[in-house]
Amino acid sequence: GVYKHFGYKIYNTNPYYVPDLRGYKKAYVEIDAKDIQAGDIVFYSGHVALLTGNGDEIVHAANKSDGVKITKSYKYTTPIKIVRVKGVE
């Protein structure tokens, strides 16, 4: 993926599927919503999205019928948390 292309190792980021988040604190830092930027990862219950950098816009695999799509706001449903891969500025 995109992060791998630029030399970043991404661990499974979805706390819904990986409750113990082994390696999480080594790779990511939690971000306050007011500090979001392109590339930040948004967690939802059972879902993950990537902030595009165009305001609150995200790209995500919505469902089987819609496929990958862009949604105008990550706030379309309540996020669990937002994280940034350490070293990404």
# chains A, B, ... in the order shown; residues from 1 in each chain; ligands from 1
>>> residues_around(residues="Ile58 (chain A)", least_positions_apart="5", cutoff="7 Å", atoms="only C-alpha atoms", output="PDB file with C-alpha atoms, in the first residue's frame")
ATOM      1  CA  ALA A  49     -10.750   4.882   6.886  1.00  0.00           C
ATOM      2  CA  LEU A  50      -7.890   7.101   5.746  1.00  0.00           C
ATOM      3  CA  LEU A  51      -8.091  10.905   5.854  1.00  0.00           C
ATOM      4  CA  THR A  52      -7.395  12.419   2.420  1.00  0.00           C
ATOM      5  CA  ILE A  70     -14.713   8.994  -0.820  1.00  0.00           C
ATOM      6  CA  THR A  71     -16.970  10.314   1.940  1.00  0.00           C
ATOM      7  CA  LYS A  72     -17.080  14.062   2.647  1.00  0.00           C
ATOM      8  CA  SER A  73     -16.671  13.734   6.424  1.00  0.00           C
ATOM      9  CA  TYR A  74     -15.100  11.180   8.736  1.00  0.00           C
TER      10      TYR A  74
END
>>> residues_around(residues="Lys81 (chain A)", least_positions_apart="6", cutoff="12 Å", atoms="only C-alpha atoms", output="PyMOL selection string")
chain A and resi 13-16+28-33+36+40-45+47-49+74-75
>>> closest_residue(among="A:Lys69, A:Lys64, A:Ala27, A:Glu57", to="Arg84 (chain A)", atoms="only C-alpha atoms")
A:Ala27
>>> atom_distance(atom1="CA of Val59 (chain A)", atom2="CA of Ala38 (chain A)")
10.6 Å
>>> atom_distance(atom1="CA of Gly87 (chain A)", atom2="CA of Lys34 (chain A)")
19.1 Å
>>> atom_distance(atom1="CA of Thr77 (chain A)", atom2="CA of Ala61 (chain A)")
14.5 Å
>>> closest_residue(among="A:Ile80, A:Val68, A:Val85, A:Ala62", to="Gly39 (chain A)", atoms="only C-alpha atoms")
A:Val85
